[in-house]
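Chemist: So that we are looking at the same thing, I have put the structure below in structure tokens.
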Amino acid sequence: MKKFLSIVLVIALLFTLAGCGGAKDGKPADEGKDAATETSDKPKDAPSGEKRVIKVSTKFVDEEQTAKSLKKVVDAINERSNGSLELQLFTGGILPIGKDGMEQVVKGSEWILVDGVNFLGDYVPDYNAITGPFLYSTFDEYFGMLETDLVKNLNKEAEEQGIKVLELDWVFGFRSMMTDKPIKTPEDMDGLNIRVPNSRLYTYTIEAMGGNPVSMPYPDTYAAIQQGVINGVEGSIMTYWGTGQYENVKEYSLTNHLLGVSAITISTEVWDSLTDEQRTIIQEEFDKGSQDNLTETIKLEDDYAQKLKDVGVHFHEVDQEAFMEATAPVFTKFDKWTPGIYDEIMKELKEIKANLK
Ligand code: G3P
């Protein structure tokens, strides 16, 4: 009997140990660091048969195109990796997003964050400079900027801070004002509380445009409008339709002040601990996903604009010159930007625009 009990104890212990070192599935998000640390010293070619579980966290809700394209990416990666990778997609901000989501990346969690390029700006400030107000009037102009050495160097700087940038081009449209009253000039923004992502770039921009910026995660905005805490949000047509915000506010003023674009980021520590094959699969599928997201977004923007009009949303042209003039000082507000970065961006942009003609 004693011998039997010892055998049972040994087996139980073995099970416990296996549980500690196995897949990180199901752990709370803030335990991710331990998961990443556990794997960080592993040889690059991890033994076959071992599954890596990586959480993909995003603010986008399932009805939005970016979430739909991400779902395809995650499914394709899981299928293609033959069980060596399990990416788990968490939409609607269920897990940390924004600054908190980026912290998970930086601290080495098994984690992919899909959120605004501006959250990279908290670590490499010049990312905010390349996504500043009114810089681009087409997606292609922004894509041209991504090809420059300037941006490639930013990605290297991010790596030095522990952030591997997989993509910077998941666009979801130019951002305009969805509010409870029409806006035509900066004066019309006076007294309006406008929700912005938790980012200085957005705060400064909305302030310069004449409004009161109120930072909060997007998923909180629906209730905040209903409770009268904010008068509206700024965002794209894709956001307006996809998140059902038209149920709350019905005036869309076309400021097009910032580009809605997501970065896909992962910890360099985690990235380096994956096998070459796993890295290739992840990178290739996210590349395909960004193309899918772009194609669908371009297709859907007009469709969604019509749908919004059909449910009673009014579209308004604005005095764009006035807003551009008002936001010019935003580019002087960031003391951590590289001196001369604005001029460099404008030089690149001039060339990009000439090449696109
Ligand atoms: O689902 C929210 C998304 O469409 C926009 O989020 O934080 O960039 O305004 P955000």
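Letters A, B, ... mark the chains of the structure tokens in the order given; residue numbers begin at 1 per chain; ligand numbers begin at 1, in order shown.
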Using only C-alpha atoms and all ligand atoms, what are the residues with an atom within 10 Å of ligand 1, set out as a PDB file with N, CA and C atoms, in the first residue's frame?
Modeler:
ATOM      1  N   THR A  58      -6.378  42.734 -29.640  1.00  0.00           N
ATOM      2  CA  THR A  58      -6.749  43.908 -30.438  1.00  0.00           C
ATOM      3  C   THR A  58      -8.014  44.575 -29.921  1.00  0.00           C
ATOM      4  N   LYS A  59      -8.129  45.861 -30.235  1.00  0.00           N
ATOM      5  CA  LYS A  59      -9.331  46.636 -29.868  1.00  0.00           C
ATOM      6  C   LYS A  59     -10.486  46.373 -30.831  1.00  0.00           C
ATOM      7  N   PHE A  60     -10.161  45.939 -32.063  1.00  0.00           N
ATOM      8  CA  PHE A  60     -11.213  45.813 -33.082  1.00  0.00           C
ATOM      9  C   PHE A  60     -12.237  44.764 -32.677  1.00  0.00           C
ATOM     10  N   VAL A  61     -13.514  45.059 -32.954  1.00  0.00           N
ATOM     11  CA  VAL A  61     -14.574  44.089 -32.656  1.00  0.00           C
ATOM     12  C   VAL A  61     -14.743  43.163 -33.859  1.00  0.00           C
ATOM     13  N   ASP A  62     -15.364  42.017 -33.609  1.00  0.00           N
ATOM     14  CA  ASP A  62     -15.462  40.984 -34.646  1.00  0.00           C
ATOM     15  C   ASP A  62     -16.097  41.481 -35.945  1.00  0.00           C
ATOM     16  N   GLU A  63     -16.991  42.469 -35.841  1.00  0.00           N
ATOM     17  CA  GLU A  63     -17.687  42.958 -37.031  1.00  0.00           C
ATOM     18  C   GLU A  63     -16.783  43.834 -37.896  1.00  0.00           C
ATOM     19  N   GLU A  64     -15.636  44.250 -37.382  1.00  0.00           N
ATOM     20  CA  GLU A  64     -14.772  45.147 -38.153  1.00  0.00           C
ATOM     21  C   GLU A  64     -13.845  44.356 -39.070  1.00  0.00           C
ATOM     22  N   GLN A  65     -13.526  44.980 -40.218  1.00  0.00           N
ATOM     23  CA  GLN A  65     -12.715  44.278 -41.210  1.00  0.00           C
ATOM     24  C   GLN A  65     -11.356  43.849 -40.645  1.00  0.00           C
ATOM     25  N   THR A  66     -10.717  44.703 -39.870  1.00  0.00           N
ATOM     26  CA  THR A  66      -9.394  44.330 -39.357  1.00  0.00           C
ATOM     27  C   THR A  66      -9.488  43.051 -38.533  1.00  0.00           C
ATOM     28  N   ALA A  67     -10.531  42.924 -37.718  1.00  0.00           N
ATOM     29  CA  ALA A  67     -10.692  41.700 -36.915  1.00  0.00           C
ATOM     30  C   ALA A  67     -10.940  40.499 -37.831  1.00  0.00           C
ATOM     31  N   THR A  91     -10.469  39.786 -29.427  1.00  0.00           N
ATOM     32  CA  THR A  91     -10.930  41.035 -30.042  1.00  0.00           C
ATOM     33  C   THR A  91     -11.639  41.919 -29.005  1.00  0.00           C
ATOM     34  N   GLY A  92     -12.014  43.129 -29.434  1.00  0.00           N
ATOM     35  CA  GLY A  92     -12.847  44.010 -28.606  1.00  0.00           C
ATOM     36  C   GLY A  92     -12.189  44.468 -27.314  1.00  0.00           C
ATOM     37  N   GLY A  93     -10.865  44.375 -27.240  1.00  0.00           N
ATOM     38  CA  GLY A  93     -10.160  44.864 -26.042  1.00  0.00           C
ATOM     39  C   GLY A  93     -10.423  44.029 -24.796  1.00  0.00           C
ATOM     40  N   ILE A  97      -4.977  46.352 -24.300  1.00  0.00           N
ATOM     41  CA  ILE A  97      -4.689  46.973 -25.597  1.00  0.00           C
ATOM     42  C   ILE A  97      -3.973  48.291 -25.319  1.00  0.00           C
ATOM     43  N   GLY A  98      -3.691  49.049 -26.360  1.00  0.00           N
ATOM     44  CA  GLY A  98      -3.066  50.363 -26.184  1.00  0.00           C
ATOM     45  C   GLY A  98      -1.768  50.278 -25.395  1.00  0.00           C
ATOM     46  N   ASP A 115      -2.511  47.378 -32.560  1.00  0.00           N
ATOM     47  CA  ASP A 115      -3.076  48.660 -32.120  1.00  0.00           C
ATOM     48  C   ASP A 115      -2.334  49.800 -32.824  1.00  0.00           C
ATOM     49  N   GLY A 116      -2.753  51.032 -32.533  1.00  0.00           N
ATOM     50  CA  GLY A 116      -2.248  52.187 -33.269  1.00  0.00           C
ATOM     51  C   GLY A 116      -0.724  52.304 -33.283  1.00  0.00           C
ATOM     52  N   VAL A 117      -0.210  52.809 -34.417  1.00  0.00           N
ATOM     53  CA  VAL A 117       1.234  53.066 -34.536  1.00  0.00           C
ATOM     54  C   VAL A 117       1.680  54.031 -33.438  1.00  0.00           C
ATOM     55  N   ASN A 118       0.747  54.878 -32.993  1.00  0.00           N
ATOM     56  CA  ASN A 118       1.067  55.862 -31.951  1.00  0.00           C
ATOM     57  C   ASN A 118       1.570  55.213 -30.655  1.00  0.00           C
ATOM     58  N   PHE A 172      -7.211  51.388 -41.560  1.00  0.00           N
ATOM     59  CA  PHE A 172      -8.673  51.254 -41.464  1.00  0.00           C
ATOM     60  C   PHE A 172      -9.373  52.583 -41.735  1.00  0.00           C
ATOM     61  N   GLY A 173      -8.741  53.411 -42.575  1.00  0.00           N
ATOM     62  CA  GLY A 173      -9.396  54.641 -43.040  1.00  0.00           C
ATOM     63  C   GLY A 173      -8.921  55.893 -42.330  1.00  0.00           C
ATOM     64  N   ARG A 175      -9.399  59.314 -40.249  1.00  0.00           N
ATOM     65  CA  ARG A 175     -10.260  59.546 -39.087  1.00  0.00           C
ATOM     66  C   ARG A 175     -10.929  60.931 -39.171  1.00  0.00           C
ATOM     67  N   ARG A 195     -13.585  61.848 -27.440  1.00  0.00           N
ATOM     68  CA  ARG A 195     -12.731  60.722 -27.001  1.00  0.00           C
ATOM     69  C   ARG A 195     -11.568  60.533 -27.979  1.00  0.00           C
ATOM     70  N   VAL A 196     -10.379  60.302 -27.398  1.00  0.00           N
ATOM     71  CA  VAL A 196      -9.197  59.965 -28.206  1.00  0.00           C
ATOM     72  C   VAL A 196      -8.510  58.750 -27.576  1.00  0.00           C
ATOM     73  N   PRO A 197      -7.706  58.014 -28.369  1.00  0.00           N
ATOM     74  CA  PRO A 197      -6.891  56.960 -27.755  1.00  0.00           C
ATOM     75  C   PRO A 197      -5.930  57.598 -26.749  1.00  0.00           C
ATOM     76  N   ASN A 198      -5.408  56.783 -25.836  1.00  0.00           N
ATOM     77  CA  ASN A 198      -4.530  57.298 -24.800  1.00  0.00           C
ATOM     78  C   ASN A 198      -3.137  57.590 -25.373  1.00  0.00           C
ATOM     79  N   SER A 199      -3.043  58.728 -26.063  1.00  0.00           N
ATOM     80  CA  SER A 199      -1.821  59.038 -26.803  1.00  0.00           C
ATOM     81  C   SER A 199      -1.679  60.551 -26.926  1.00  0.00           C
ATOM     82  N   TYR A 202      -2.733  62.236 -30.233  1.00  0.00           N
ATOM     83  CA  TYR A 202      -4.168  62.461 -30.403  1.00  0.00           C
ATOM     84  C   TYR A 202      -4.664  63.601 -29.518  1.00  0.00           C
ATOM     85  N   SER A 215      -9.211  60.957 -23.035  1.00  0.00           N
ATOM     86  CA  SER A 215      -8.605  59.650 -23.387  1.00  0.00           C
ATOM     87  C   SER A 215      -9.376  58.518 -22.741  1.00  0.00           C
ATOM     88  N   MET A 216      -9.672  57.516 -23.526  1.00  0.00           N
ATOM     89  CA  MET A 216     -10.238  56.271 -22.972  1.00  0.00           C
ATOM     90  C   MET A 216     -10.124  55.191 -24.037  1.00  0.00           C
ATOM     91  N   PRO A 217     -10.123  53.917 -23.628  1.00  0.00           N
ATOM     92  CA  PRO A 217     -10.075  52.861 -24.636  1.00  0.00           C
ATOM     93  C   PRO A 217     -11.353  52.888 -25.475  1.00  0.00           C
ATOM     94  N   TYR A 218     -11.243  52.558 -26.744  1.00  0.00           N
ATOM     95  CA  TYR A 218     -12.417  52.653 -27.614  1.00  0.00           C
ATOM     96  C   TYR A 218     -13.620  51.874 -27.071  1.00  0.00           C
ATOM     97  N   PRO A 219     -13.428  50.646 -26.557  1.00  0.00           N
ATOM     98  CA  PRO A 219     -14.596  49.888 -26.103  1.00  0.00           C
ATOM     99  C   PRO A 219     -15.440  50.607 -25.037  1.00  0.00           C
ATOM    100  N   ASP A 220     -14.877  51.615 -24.374  1.00  0.00           N
ATOM    101  CA  ASP A 220     -15.661  52.343 -23.350  1.00  0.00           C
ATOM    102  C   ASP A 220     -16.495  53.477 -23.941  1.00  0.00           C
ATOM    103  N   THR A 221     -16.314  53.772 -25.233  1.00  0.00           N
ATOM    104  CA  THR A 221     -16.916  55.000 -25.776  1.00  0.00           C
ATOM    105  C   THR A 221     -18.431  54.916 -25.928  1.00  0.00           C
ATOM    106  N   VAL A 233     -16.640  60.803 -30.807  1.00  0.00           N
ATOM    107  CA  VAL A 233     -15.296  60.230 -30.946  1.00  0.00           C
ATOM    108  C   VAL A 233     -14.778  60.631 -32.316  1.00  0.00           C
ATOM    109  N   GLU A 234     -13.471  60.454 -32.500  1.00  0.00           N
ATOM    110  CA  GLU A 234     -12.964  60.649 -33.865  1.00  0.00           C
ATOM    111  C   GLU A 234     -12.535  59.282 -34.378  1.00  0.00           C
ATOM    112  N   GLY A 235     -12.900  58.999 -35.621  1.00  0.00           N
ATOM    113  CA  GLY A 235     -12.568  57.675 -36.152  1.00  0.00           C
ATOM    114  C   GLY A 235     -13.000  57.541 -37.598  1.00  0.00           C
ATOM    115  N   SER A 236     -12.706  56.382 -38.159  1.00  0.00           N
ATOM    116  CA  SER A 236     -12.954  56.189 -39.595  1.00  0.00           C
ATOM    117  C   SER A 236     -14.360  55.666 -39.861  1.00  0.00           C
ATOM    118  N   ILE A 237     -14.712  55.645 -41.132  1.00  0.00           N
ATOM    119  CA  ILE A 237     -16.006  55.075 -41.549  1.00  0.00           C
ATOM    120  C   ILE A 237     -16.083  53.605 -41.132  1.00  0.00           C
ATOM    121  N   MET A 238     -14.935  52.909 -41.229  1.00  0.00           N
ATOM    122  CA  MET A 238     -14.905  51.489 -40.852  1.00  0.00           C
ATOM    123  C   MET A 238     -15.261  51.323 -39.372  1.00  0.00           C
ATOM    124  N   THR A 239     -14.733  52.211 -38.556  1.00  0.00           N
ATOM    125  CA  THR A 239     -15.034  52.194 -37.119  1.00  0.00           C
ATOM    126  C   THR A 239     -16.497  52.556 -36.869  1.00  0.00           C
ATOM    127  N   TYR A 240     -16.934  53.611 -37.547  1.00  0.00           N
ATOM    128  CA  TYR A 240     -18.301  54.135 -37.351  1.00  0.00           C
ATOM    129  C   TYR A 240     -19.326  53.017 -37.577  1.00  0.00           C
ATOM    130  N   TRP A 241     -19.172  52.338 -38.728  1.00  0.00           N
ATOM    131  CA  TRP A 241     -20.129  51.281 -39.048  1.00  0.00           C
ATOM    132  C   TRP A 241     -19.870  50.030 -38.201  1.00  0.00           C
ATOM    133  N   GLY A 242     -18.620  49.631 -38.155  1.00  0.00           N
ATOM    134  CA  GLY A 242     -18.257  48.360 -37.520  1.00  0.00           C
ATOM    135  C   GLY A 242     -18.576  48.300 -36.031  1.00  0.00           C
ATOM    136  N   THR A 243     -18.494  49.441 -35.353  1.00  0.00           N
ATOM    137  CA  THR A 243     -18.738  49.424 -33.906  1.00  0.00           C
ATOM    138  C   THR A 243     -20.154  49.889 -33.564  1.00  0.00           C
ATOM    139  N   GLY A 244     -20.945  50.185 -34.594  1.00  0.00           N
ATOM    140  CA  GLY A 244     -22.343  50.571 -34.344  1.00  0.00           C
ATOM    141  C   GLY A 244     -22.485  51.928 -33.666  1.00  0.00           C
ATOM    142  N   GLN A 245     -21.467  52.775 -33.795  1.00  0.00           N
ATOM    143  CA  GLN A 245     -21.506  54.071 -33.106  1.00  0.00           C
ATOM    144  C   GLN A 245     -22.604  54.993 -33.661  1.00  0.00           C
ATOM    145  N   LEU A 259      -4.556  59.375 -39.935  1.00  0.00           N
ATOM    146  CA  LEU A 259      -4.786  58.084 -40.604  1.00  0.00           C
ATOM    147  C   LEU A 259      -5.004  57.004 -39.536  1.00  0.00           C
ATOM    148  N   GLY A 260      -6.076  56.255 -39.696  1.00  0.00           N
ATOM    149  CA  GLY A 260      -6.293  55.117 -38.790  1.00  0.00           C
ATOM    150  C   GLY A 260      -5.452  53.945 -39.283  1.00  0.00           C
ATOM    151  N   VAL A 261      -4.437  53.602 -38.533  1.00  0.00           N
ATOM    152  CA  VAL A 261      -3.550  52.522 -38.986  1.00  0.00           C
ATOM    153  C   VAL A 261      -2.983  51.775 -37.780  1.00  0.00           C
ATOM    154  N   SER A 262      -2.961  50.454 -37.901  1.00  0.00           N
ATOM    155  CA  SER A 262      -2.462  49.627 -36.799  1.00  0.00           C
ATOM    156  C   SER A 262      -1.080  49.073 -37.099  1.00  0.00           C
TER     157      SER A 262
END
Chemist: Hey, which of A:Glu79, A:Asp188, A:Glu351, A:Asp302 ends up closest to Asp319 in chain A? Count only C-alpha atoms.
Modeler: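 Nearest candidate to Asp319 in chain A out of A:Glu79, A:Asp188, A:Glu351, A:Asp302: A:Asp188.
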Chemist: So that I can see what lies close to Gly144 in chain A, please list as a PDB file with N, CA, C and O atoms, in the first residue's frame the residues with an atom at most 10 Å from it, counting only C-alpha atoms and leaving out residues fewer than 2 positions away in the same chain.
Modeler:
ATOM      1  N   PHE A 139      -3.746  56.456 -48.808  1.00  0.00           N
ATOM      2  CA  PHE A 139      -3.030  55.347 -48.156  1.00  0.00           C
ATOM      3  C   PHE A 139      -1.649  55.180 -48.804  1.00  0.00           C
ATOM      4  O   PHE A 139      -0.659  54.906 -48.130  1.00  0.00           O
ATOM      5  N   ASP A 140      -1.607  55.326 -50.143  1.00  0.00           N
ATOM      6  CA  ASP A 140      -0.337  55.091 -50.853  1.00  0.00           C
ATOM      7  C   ASP A 140       0.774  56.041 -50.397  1.00  0.00           C
ATOM      8  O   ASP A 140       1.939  55.659 -50.380  1.00  0.00           O
ATOM      9  N   GLU A 141       0.412  57.245 -50.061  1.00  0.00           N
ATOM     10  CA  GLU A 141       1.444  58.186 -49.580  1.00  0.00           C
ATOM     11  C   GLU A 141       2.062  57.651 -48.279  1.00  0.00           C
ATOM     12  O   GLU A 141       3.272  57.682 -48.087  1.00  0.00           O
ATOM     13  N   TYR A 142       1.197  57.148 -47.420  1.00  0.00           N
ATOM     14  CA  TYR A 142       1.705  56.581 -46.153  1.00  0.00           C
ATOM     15  C   TYR A 142       2.543  55.317 -46.435  1.00  0.00           C
ATOM     16  O   TYR A 142       3.619  55.140 -45.869  1.00  0.00           O
ATOM     17  N   LEU A 146       6.538  54.267 -45.469  1.00  0.00           N
ATOM     18  CA  LEU A 146       7.008  53.044 -44.798  1.00  0.00           C
ATOM     19  C   LEU A 146       8.226  52.438 -45.490  1.00  0.00           C
ATOM     20  O   LEU A 146       8.985  51.698 -44.878  1.00  0.00           O
ATOM     21  N   GLU A 147       8.404  52.769 -46.764  1.00  0.00           N
ATOM     22  CA  GLU A 147       9.539  52.216 -47.519  1.00  0.00           C
ATOM     23  C   GLU A 147      10.830  53.002 -47.302  1.00  0.00           C
ATOM     24  O   GLU A 147      11.894  52.591 -47.751  1.00  0.00           O
ATOM     25  N   THR A 148      10.748  54.131 -46.643  1.00  0.00           N
ATOM     26  CA  THR A 148      11.936  54.990 -46.506  1.00  0.00           C
ATOM     27  C   THR A 148      12.902  54.451 -45.437  1.00  0.00           C
ATOM     28  O   THR A 148      12.487  53.727 -44.517  1.00  0.00           O
ATOM     29  N   GLU A 348      10.727  63.682 -47.728  1.00  0.00           N
ATOM     30  CA  GLU A 348      10.378  62.326 -48.212  1.00  0.00           C
ATOM     31  C   GLU A 348       9.002  62.344 -48.885  1.00  0.00           C
ATOM     32  O   GLU A 348       8.805  61.746 -49.939  1.00  0.00           O
ATOM     33  N   LEU A 349       8.088  63.052 -48.238  1.00  0.00           N
ATOM     34  CA  LEU A 349       6.709  63.074 -48.727  1.00  0.00           C
ATOM     35  C   LEU A 349       6.620  63.720 -50.106  1.00  0.00           C
ATOM     36  O   LEU A 349       5.845  63.280 -50.970  1.00  0.00           O
ATOM     37  N   GLU A 351       8.884  63.685 -52.374  1.00  0.00           N
ATOM     38  CA  GLU A 351       9.384  62.690 -53.343  1.00  0.00           C
ATOM     39  C   GLU A 351       8.334  61.595 -53.584  1.00  0.00           C
ATOM     40  O   GLU A 351       8.089  61.192 -54.718  1.00  0.00           O
ATOM     41  N   ILE A 352       7.731  61.143 -52.479  1.00  0.00           N
ATOM     42  CA  ILE A 352       6.719  60.081 -52.581  1.00  0.00           C
ATOM     43  C   ILE A 352       5.562  60.550 -53.474  1.00  0.00           C
ATOM     44  O   ILE A 352       5.125  59.829 -54.382  1.00  0.00           O
ATOM     45  N   LYS A 353       5.104  61.773 -53.239  1.00  0.00           N
ATOM     46  CA  LYS A 353       3.970  62.290 -54.013  1.00  0.00           C
ATOM     47  C   LYS A 353       4.349  62.414 -55.488  1.00  0.00           C
ATOM     48  O   LYS A 353       3.551  62.077 -56.367  1.00  0.00           O
ATOM     49  N   ASN A 355       6.547  60.626 -57.095  1.00  0.00           N
ATOM     50  CA  ASN A 355       6.625  59.268 -57.666  1.00  0.00           C
ATOM     51  C   ASN A 355       5.251  58.649 -57.893  1.00  0.00           C
ATOM     52  O   ASN A 355       5.098  57.779 -58.742  1.00  0.00           O
ATOM     53  N   LEU A 356       4.291  59.079 -57.108  1.00  0.00           N
ATOM     54  CA  LEU A 356       2.941  58.485 -57.238  1.00  0.00           C
ATOM     55  C   LEU A 356       2.157  59.098 -58.414  1.00  0.00           C
ATOM     56  O   LEU A 356       1.141  58.565 -58.822  1.00  0.00           O
TER      57      LEU A 356
END
Chemist: Could you jot down the CA of Leu85 in chain A to CA of Glu50 in chain A separation for me, Å, one decimal place?
Modeler: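 Those two atoms sit 8.4 Å apart.
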Chemist: Please list as a ChimeraX atom specification every residue within 8 Å of range 293-295 of chain A, counting only C-alpha atoms and excluding residues in the same chain fewer than 2 positions away.
Modeler: /A:65-66,69,170-172,289-291,297-299
Chemist: Hey, which of A:Phe174, A:Trp111, A:Tyr127, A:Phe315 ends up closest to Phe334 in chain A? Count only C-alpha atoms.
Modeler: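 Of all the options, A:Tyr127 lies closest to Phe334 in chain A.
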Chemist: When DSSP is applied to the backbone of this structure, which of range 146-196 of chain A are assigned helix (DSSP H, G or I)? Write them out as number ranges by chain.
Modeler: A: 146, 149-160, 186-189
Chemist: May I ask which of the residues A:Thr338, A:Asn231, A:Gln306, A:Thr255 is the closest one to Met177 in chain A, counting only C-alpha atoms?
Modeler: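 Ranked by minimum distance to Met177 in chain A, first place goes to A:Thr255.
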Chemist: When you look at Ile183 in chain A with a cut-off of 7 Å (counting only C-alpha atoms), what residues show up, excluding the ones that are within fewer than 6 positions of it in the same chain? I need them as a PyMOL selection string.
Modeler: chain A and resi 189+253+318
Chemist: Would you save the residues from that selection as an mmCIF file, in the first residue's frame, using all heavy atoms?
Modeler:
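This is the output file out.cif:
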data_model
loop_
_atom_site.group_PDB
_atom_site.id
_atom_site.type_symbol
_atom_site.label_atom_id
_atom_site.label_comp_id
_atom_site.auth_asym_id
_atom_site.auth_seq_id
_atom_site.Cartn_x
_atom_site.Cartn_y
_atom_site.Cartn_z
ATOM 1 N N MET A 189 -15.716 73.179 -32.689
ATOM 2 C CA MET A 189 -15.242 72.124 -31.766
ATOM 3 C C MET A 189 -15.239 72.642 -30.319
ATOM 4 O O MET A 189 -15.042 71.865 -29.381
ATOM 5 C CB MET A 189 -13.807 71.705 -32.118
ATOM 6 C CG MET A 189 -13.654 71.094 -33.496
ATOM 7 S SD MET A 189 -13.818 69.305 -33.472
ATOM 8 C CE MET A 189 -12.317 68.821 -32.645
ATOM 9 N N SER A 253 -18.318 64.600 -39.586
ATOM 10 C CA SER A 253 -17.675 65.761 -40.213
ATOM 11 C C SER A 253 -16.293 65.351 -40.714
ATOM 12 O O SER A 253 -15.438 64.912 -39.940
ATOM 13 C CB SER A 253 -17.573 66.905 -39.198
ATOM 14 O OG SER A 253 -18.868 67.173 -38.683
ATOM 15 N N VAL A 318 -15.771 69.934 -44.288
ATOM 16 C CA VAL A 318 -15.278 70.919 -43.305
ATOM 17 C C VAL A 318 -14.312 71.890 -43.980
ATOM 18 O O VAL A 318 -13.880 71.645 -45.117
ATOM 19 C CB VAL A 318 -14.537 70.214 -42.136
ATOM 20 C CG1 VAL A 318 -15.417 69.197 -41.462
ATOM 21 C CG2 VAL A 318 -13.230 69.583 -42.616
#
Chemist: For a test of reading the model, state the distance in Å between CA of Asn82 in chain A and CA of Glu284 in chain A, rounded to one decimal.
Modeler: 15.5 Å
Chemist: Residues at most 9 Å from Ala328 in chain A, counting only C-alpha atoms, excluding those fewer than 6 positions away in the same chain, as a ChimeraX atom specification?
Modeler: /A:133-134,208
Chemist: So, counting only C-alpha atoms, which residue among A:Lys336, A:Lys184, A:Lys72, A:Lys55 is closest to Gln104 in chain A?
Modeler: A:Lys55
Chemist: Give the answer as one residue: which of A:Ser137, A:Tyr123, A:Tyr246, A:Met145 has the shortest atom-to-atom distance to Lys347 in chain A, using only C-alpha atoms?
Modeler: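 Nearest to Lys347 in chain A: A:Met145.
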